[in-house]
Amino acid sequence: MQKSLLYFLTGSIILTLSLHLKAQIPSGYYDGTAQLNGEALKAALHTIIKNHQPHTYSQLWQDFIVTDQKPNGKVWDMYSDVPGGTPAYEYTFVSDQCGNYSGEGSCYNREHSWPASWFDDQPPMYTDLFHIVPADGYVNNRRGNFPFGEVGQASWTSTNGSRVGGSVTAGYGGTVFEPIDAYKGDLARGLMYMSARYYQEDSNWPGSDMTLGADLKLWARALLLQWHEQDPVSDKEIARNNAIFQIQLNRNPFIDHPEFAGLIWDPTASISDNKISAFKLWPNPANQSVSIEFFGNTSASQRILYVTDMTGKLILTQALNEGETSHTLSVDPLAPGFYFVSLNAQGYHVSTVKLIKK
């Protein structure tokens, strides 16, 4: 027994050292990203991580053994795991693959954290491991195609505390799925990867309540940035990122460089009422049109106004002239209700103001 234990410990040490060695970012991998932000940085990252080597859907079962194995050898299912505690159930690789299920604890399957319907089940995103994780079949079914979000009153709760219910996330009021706090950052960074990996490769994606093609809606950006900051990159993610690199030959930039998320989507991007604005509009409430006055350093080129409704749906966009310090925006076509007017400059979010259409 002692000899076997020694072999086991030696093997574990070698495996641990191997993972740490492989976790090093290849020299020069992120060359060309220095001093970039906004759309420019997103485009640069896309160029670096595109053209990955996809596996088949059936190969993902074997890939999970490498990418999502707990220290005890069981499947690392973020929808059932209880960090620091004892989960209600655990799965054994291969033998516990779904299959039929009637409730939690029956089997695990392949969860598209960015639901496949959002990109019309197309390759290569359908098998991209950076957003596909092993998950309990029943919990995965309860998540369905709902966006991620913060739940107020839960209509259903899993054994580890993941919840389905009405959103209390600013900017979206539909039904959402909320994972436990320990894995919110993991899932957020998976969606951020998808947005960068498939940047401008999304012309025929249907989108969703959370996304516009491969882009994230404003409310989703703010939410995922919050999760990204509250649940920092873990050793689990570093090991998984490295393992997928060996399989797909690309990496998740937001695990290697967490600061990229803020540089692209702006950590101050928020739709809260108390955000300091870079422009004002009046009258508000409005009927036919609003006058917009810009102040501060907001007269740069490549400025665009975005108008979204309370669900995050994009209603209209309007490009601004370079140097323009005031603008008239027609709101006559809008139905009565609440909207958000956002200003982007050179691909970078600047500010958002709430608008009421009478």
# chains A, B, ... in the order shown; residues from 1 in each chain; ligands from 1
call {"tool": "residues_around", "arguments": {"residues": "region 213-217 of chain A", "least_positions_apart": "5", "cutoff": "8 Å", "atoms": "only C-alpha atoms", "output": "ChimeraX atom specification"}}
result
/A:118-119,194-196,198-208,312-313
call {"tool": "write_last_selection", "arguments": {"atoms": "C-alpha atoms", "output": "PDB file, in the first residue's frame"}}
result
ATOM      1  CA  TRP A 118     -28.046  31.324 -30.862  1.00  0.00           C
ATOM      2  CA  PHE A 119     -25.711  30.437 -33.765  1.00  0.00           C
ATOM      3  CA  MET A 194     -17.212  33.286 -28.145  1.00  0.00           C
ATOM      4  CA  SER A 195     -17.785  36.974 -28.812  1.00  0.00           C
ATOM      5  CA  ALA A 196     -14.125  37.488 -29.763  1.00  0.00           C
ATOM      6  CA  TYR A 198     -16.504  34.622 -33.903  1.00  0.00           C
ATOM      7  CA  TYR A 199     -16.222  38.386 -34.302  1.00  0.00           C
ATOM      8  CA  GLN A 200     -17.587  39.282 -37.766  1.00  0.00           C
ATOM      9  CA  GLU A 201     -18.201  35.593 -38.533  1.00  0.00           C
ATOM     10  CA  ASP A 202     -21.790  35.847 -37.325  1.00  0.00           C
ATOM     11  CA  SER A 203     -23.726  37.298 -40.278  1.00  0.00           C
ATOM     12  CA  ASN A 204     -26.306  34.500 -40.217  1.00  0.00           C
ATOM     13  CA  TRP A 205     -26.539  33.935 -36.464  1.00  0.00           C
ATOM     14  CA  PRO A 206     -30.112  34.317 -35.175  1.00  0.00           C
ATOM     15  CA  GLY A 207     -28.922  35.899 -31.920  1.00  0.00           C
ATOM     16  CA  SER A 208     -30.883  35.877 -28.674  1.00  0.00           C
ATOM     17  CA  GLY A 312     -31.681  44.783 -24.588  1.00  0.00           C
ATOM     18  CA  LYS A 313     -33.098  44.516 -28.119  1.00  0.00           C
TER      19      LYS A 313
END
call {"tool": "select_by_dssp", "arguments": {"residues": "region 198-248 of chain A", "states": "alpha helix (DSSP H)", "output": "VMD selection string"}}
result
chain A and resid 218 to 230 235 to 248
call {"tool": "select_by_dssp", "arguments": {"residues": "region 75-202 of chain A", "states": "strand (DSSP E or B)", "output": "ChimeraX atom specification"}}
result
/A:75,97,108-112,132-136,148,151-157,163-167,175-178
call {"tool": "closest_residue", "arguments": {"among": "A:Tyr30, A:Phe177, A:Phe340, A:Phe146", "to": "Pro253 (chain A)", "atoms": "only C-alpha atoms"}}
result
A:Tyr30
call {"tool": "closest_residue", "arguments": {"among": "A:Phe294, A:Tyr126, A:Phe279, A:Phe254", "to": "Lys42 (chain A)", "atoms": "only C-alpha atoms"}}
result
A:Phe254
call {"tool": "residues_around", "arguments": {"residues": "Thr159 (chain A)", "least_positions_apart": "4", "cutoff": "10 Å", "atoms": "only C-alpha atoms", "output": "MDAnalysis selection string"}}
result
chainID A and resid 79:82 87:89 104:105 139 163
call {"tool": "closest_residue", "arguments": {"among": "A:Ile48, A:Leu212, A:Met78, A:Ala188", "to": "Ser162 (chain A)", "atoms": "only C-alpha atoms"}}
result
A:Met78
call {"tool": "closest_atom_pairs", "arguments": {"of": "region 157-198 of chain A", "to": "region 224-234 of chain A", "cutoff": "9 Å", "atoms": "only C-alpha atoms", "output": "CSV"}}
result
residue,atom,partner,partner_atom,distance
A:Asp181,CA,A:Asp231,CA,7.1
A:Ala182,CA,A:Asp231,CA,6.5
A:Tyr183,CA,A:Asp231,CA,7.1
A:Lys184,CA,A:Trp227,CA,5.5
A:Gly185,CA,A:His228,CA,4.4
A:Asp186,CA,A:Val233,CA,7.2
A:Leu187,CA,A:Leu224,CA,8.6
A:Ala188,CA,A:Leu224,CA,5.2
A:Arg189,CA,A:His228,CA,6.8
A:Leu191,CA,A:Leu224,CA,8.4
A:Met192,CA,A:Leu224,CA,8.0
call {"tool": "atom_distance", "arguments": {"atom1": "CA of Tyr306 (chain A)", "atom2": "CA of Val341 (chain A)"}}
result
5.7 Å
call {"tool": "residues_around", "arguments": {"residues": "region 154-156 of chain A", "least_positions_apart": "4", "cutoff": "10 Å", "atoms": "only C-alpha atoms", "output": "PDB file with C-alpha atoms, in the first residue's frame"}}
result
ATOM      1  CA  VAL A 139     -30.158  20.859 -15.109  1.00  0.00           C
ATOM      2  CA  ARG A 142     -33.895  23.393 -17.220  1.00  0.00           C
ATOM      3  CA  GLU A 150     -29.373  37.279 -11.768  1.00  0.00           C
ATOM      4  CA  GLY A 161     -28.083  26.249  -5.903  1.00  0.00           C
ATOM      5  CA  SER A 162     -28.213  27.078  -9.622  1.00  0.00           C
ATOM      6  CA  ARG A 163     -31.526  28.808 -10.297  1.00  0.00           C
ATOM      7  CA  VAL A 164     -34.096  29.563 -12.993  1.00  0.00           C
ATOM      8  CA  GLY A 165     -36.446  32.514 -12.601  1.00  0.00           C
ATOM      9  CA  GLY A 166     -37.304  36.084 -13.449  1.00  0.00           C
ATOM     10  CA  SER A 167     -34.352  38.375 -14.056  1.00  0.00           C
ATOM     11  CA  THR A 175     -36.440  34.422 -17.549  1.00  0.00           C
ATOM     12  CA  VAL A 176     -32.761  33.691 -16.868  1.00  0.00           C
ATOM     13  CA  PHE A 177     -30.503  30.949 -15.533  1.00  0.00           C
ATOM     14  CA  GLU A 178     -28.155  31.850 -12.674  1.00  0.00           C
TER      15      GLU A 178
END
call {"tool": "atom_distance", "arguments": {"atom1": "CA of Ser113 (chain A)", "atom2": "CA of Pro147 (chain A)"}}
result
9.2 Å
call {"tool": "atom_distance", "arguments": {"atom1": "CA of Arg303 (chain A)", "atom2": "CA of Gly38 (chain A)"}}
result
12.6 Å
call {"tool": "closest_residue", "arguments": {"among": "A:Thr56, A:Thr47, A:Trp114, A:Asp121", "to": "Arg143 (chain A)", "atoms": "only C-alpha atoms"}}
result
A:Trp114
call {"tool": "closest_residue", "arguments": {"among": "A:Asn51, A:Asn160, A:Asn100, A:Thr308", "to": "Gln248 (chain A)", "atoms": "only C-alpha atoms"}}
result
A:Asn51
call {"tool": "residues_around", "arguments": {"residues": "Ser326 (chain A)", "least_positions_apart": "3", "cutoff": "10 Å", "atoms": "only C-alpha atoms", "output": "NGL selection string"}}
result
:A and (279-281 or 291-295 or 299 or 320-321 or 323 or 329)
call {"tool": "decode", "arguments": {"residues": "region 313-357 of chain A", "atoms": "N, CA and C atoms", "output": "CSV table (one decimal), in the first residue's frame"}}
result
chain,number,residue,atom,x,y,z
A,313,LYS,N,-33.0,44.6,-26.7
A,313,LYS,CA,-33.1,44.5,-28.1
A,313,LYS,C,-32.7,45.8,-28.8
A,314,LEU,N,-31.9,45.7,-29.8
A,314,LEU,CA,-31.4,46.9,-30.5
A,314,LEU,C,-32.6,47.5,-31.4
A,315,ILE,N,-32.9,48.7,-31.2
A,315,ILE,CA,-34.1,49.3,-31.9
A,315,ILE,C,-33.5,50.1,-33.1
A,316,LEU,N,-32.5,50.9,-32.9
A,316,LEU,CA,-32.0,51.7,-34.0
A,316,LEU,C,-30.5,52.1,-33.7
A,317,THR,N,-29.8,52.5,-34.7
A,317,THR,CA,-28.4,53.0,-34.6
A,317,THR,C,-28.4,54.3,-35.4
A,318,GLN,N,-27.5,55.2,-35.0
A,318,GLN,CA,-27.3,56.4,-35.8
A,318,GLN,C,-25.9,56.9,-35.6
A,319,ALA,N,-25.2,57.0,-36.8
A,319,ALA,CA,-23.8,57.5,-36.8
A,319,ALA,C,-23.8,59.0,-36.6
A,320,LEU,N,-22.8,59.5,-35.9
A,320,LEU,CA,-22.6,60.9,-35.7
A,320,LEU,C,-21.5,61.5,-36.5
A,321,ASN,N,-21.6,62.7,-36.9
A,321,ASN,CA,-20.5,63.4,-37.7
A,321,ASN,C,-19.3,63.7,-36.8
A,322,GLU,N,-18.2,63.7,-37.3
A,322,GLU,CA,-17.0,64.1,-36.5
A,322,GLU,C,-17.1,65.5,-36.1
A,323,GLY,N,-16.8,65.7,-34.8
A,323,GLY,CA,-16.8,67.1,-34.2
A,323,GLY,C,-18.2,67.6,-33.8
A,324,GLU,N,-19.2,66.8,-34.1
A,324,GLU,CA,-20.6,67.2,-33.8
A,324,GLU,C,-20.8,67.2,-32.3
A,325,THR,N,-21.2,68.4,-31.7
A,325,THR,CA,-21.4,68.5,-30.3
A,325,THR,C,-22.8,68.5,-29.9
A,326,SER,N,-23.8,68.5,-30.8
A,326,SER,CA,-25.2,68.4,-30.5
A,326,SER,C,-25.8,67.6,-31.7
A,327,HIS,N,-27.0,67.0,-31.3
A,327,HIS,CA,-27.6,66.1,-32.3
A,327,HIS,C,-29.1,66.0,-32.0
A,328,THR,N,-29.9,65.9,-33.0
A,328,THR,CA,-31.3,65.6,-32.9
A,328,THR,C,-31.7,64.2,-33.3
A,329,LEU,N,-32.3,63.5,-32.4
A,329,LEU,CA,-32.6,62.1,-32.6
A,329,LEU,C,-34.1,62.0,-32.6
A,330,SER,N,-34.6,61.4,-33.7
A,330,SER,CA,-36.1,61.2,-33.8
A,330,SER,C,-36.5,60.0,-33.0
A,331,VAL,N,-37.5,60.1,-32.2
A,331,VAL,CA,-38.0,59.0,-31.4
A,331,VAL,C,-39.4,58.7,-31.8
A,332,ASP,N,-39.9,59.4,-32.8
A,332,ASP,CA,-41.3,59.2,-33.2
A,332,ASP,C,-41.7,57.8,-33.6
A,333,PRO,N,-40.7,57.0,-34.2
A,333,PRO,CA,-41.1,55.6,-34.6
A,333,PRO,C,-41.2,54.7,-33.3
A,334,LEU,N,-40.7,55.1,-32.2
A,334,LEU,CA,-40.6,54.2,-31.0
A,334,LEU,C,-42.0,54.1,-30.4
A,335,ALA,N,-42.3,52.9,-29.9
A,335,ALA,CA,-43.5,52.7,-29.1
A,335,ALA,C,-43.3,53.3,-27.8
A,336,PRO,N,-44.4,53.8,-27.1
A,336,PRO,CA,-44.3,54.3,-25.7
A,336,PRO,C,-43.6,53.3,-24.8
A,337,GLY,N,-42.7,53.8,-24.0
A,337,GLY,CA,-42.0,52.9,-23.0
A,337,GLY,C,-40.7,53.4,-22.6
A,338,PHE,N,-39.9,52.5,-22.0
A,338,PHE,CA,-38.5,52.9,-21.5
A,338,PHE,C,-37.5,52.4,-22.5
A,339,TYR,N,-36.4,53.2,-22.7
A,339,TYR,CA,-35.4,52.8,-23.6
A,339,TYR,C,-34.0,53.3,-23.0
A,340,PHE,N,-33.0,52.8,-23.7
A,340,PHE,CA,-31.6,53.2,-23.3
A,340,PHE,C,-30.9,53.7,-24.5
A,341,VAL,N,-30.4,54.9,-24.4
A,341,VAL,CA,-29.6,55.5,-25.5
A,341,VAL,C,-28.1,55.5,-25.1
A,342,SER,N,-27.3,54.8,-25.9
A,342,SER,CA,-25.9,54.6,-25.6
A,342,SER,C,-25.0,55.2,-26.6
A,343,LEU,N,-23.9,55.7,-26.2
A,343,LEU,CA,-22.9,56.3,-27.1
A,343,LEU,C,-21.7,55.5,-27.1
A,344,ASN,N,-21.3,55.1,-28.3
A,344,ASN,CA,-20.0,54.4,-28.5
A,344,ASN,C,-19.1,55.2,-29.3
A,345,ALA,N,-17.8,55.3,-29.0
A,345,ALA,CA,-16.8,56.1,-29.7
A,345,ALA,C,-15.7,55.1,-30.1
A,346,GLN,N,-15.4,55.0,-31.4
A,346,GLN,CA,-14.3,54.2,-31.9
A,346,GLN,C,-14.4,52.7,-31.3
A,347,GLY,N,-15.6,52.2,-31.3
A,347,GLY,CA,-15.9,50.9,-30.8
A,347,GLY,C,-15.9,50.7,-29.3
A,348,TYR,N,-15.8,51.8,-28.6
A,348,TYR,CA,-15.7,51.7,-27.1
A,348,TYR,C,-16.9,52.4,-26.4
A,349,HIS,N,-17.5,51.7,-25.5
A,349,HIS,CA,-18.7,52.2,-24.8
A,349,HIS,C,-18.3,53.4,-24.0
A,350,VAL,N,-19.1,54.5,-24.1
A,350,VAL,CA,-18.8,55.7,-23.4
A,350,VAL,C,-19.8,56.0,-22.3
A,351,SER,N,-21.1,55.9,-22.6
A,351,SER,CA,-22.1,56.3,-21.6
A,351,SER,C,-23.5,55.8,-22.1
A,352,THR,N,-24.4,55.6,-21.1
A,352,THR,CA,-25.8,55.2,-21.4
A,352,THR,C,-26.7,56.1,-20.6
A,353,VAL,N,-27.8,56.5,-21.2
A,353,VAL,CA,-28.8,57.4,-20.6
A,353,VAL,C,-30.2,56.7,-20.8
A,354,LYS,N,-31.0,56.7,-19.8
A,354,LYS,CA,-32.4,56.2,-19.9
A,354,LYS,C,-33.3,57.2,-20.6
A,355,LEU,N,-34.1,56.7,-21.5
A,355,LEU,CA,-35.1,57.6,-22.2
A,355,LEU,C,-36.5,57.1,-22.1
A,356,ILE,N,-37.4,58.0,-21.8
A,356,ILE,CA,-38.8,57.6,-21.7
A,356,ILE,C,-39.5,58.2,-23.0
A,357,LYS,N,-40.2,57.3,-23.7
A,357,LYS,CA,-41.0,57.7,-24.9
A,357,LYS,C,-42.4,57.8,-24.5
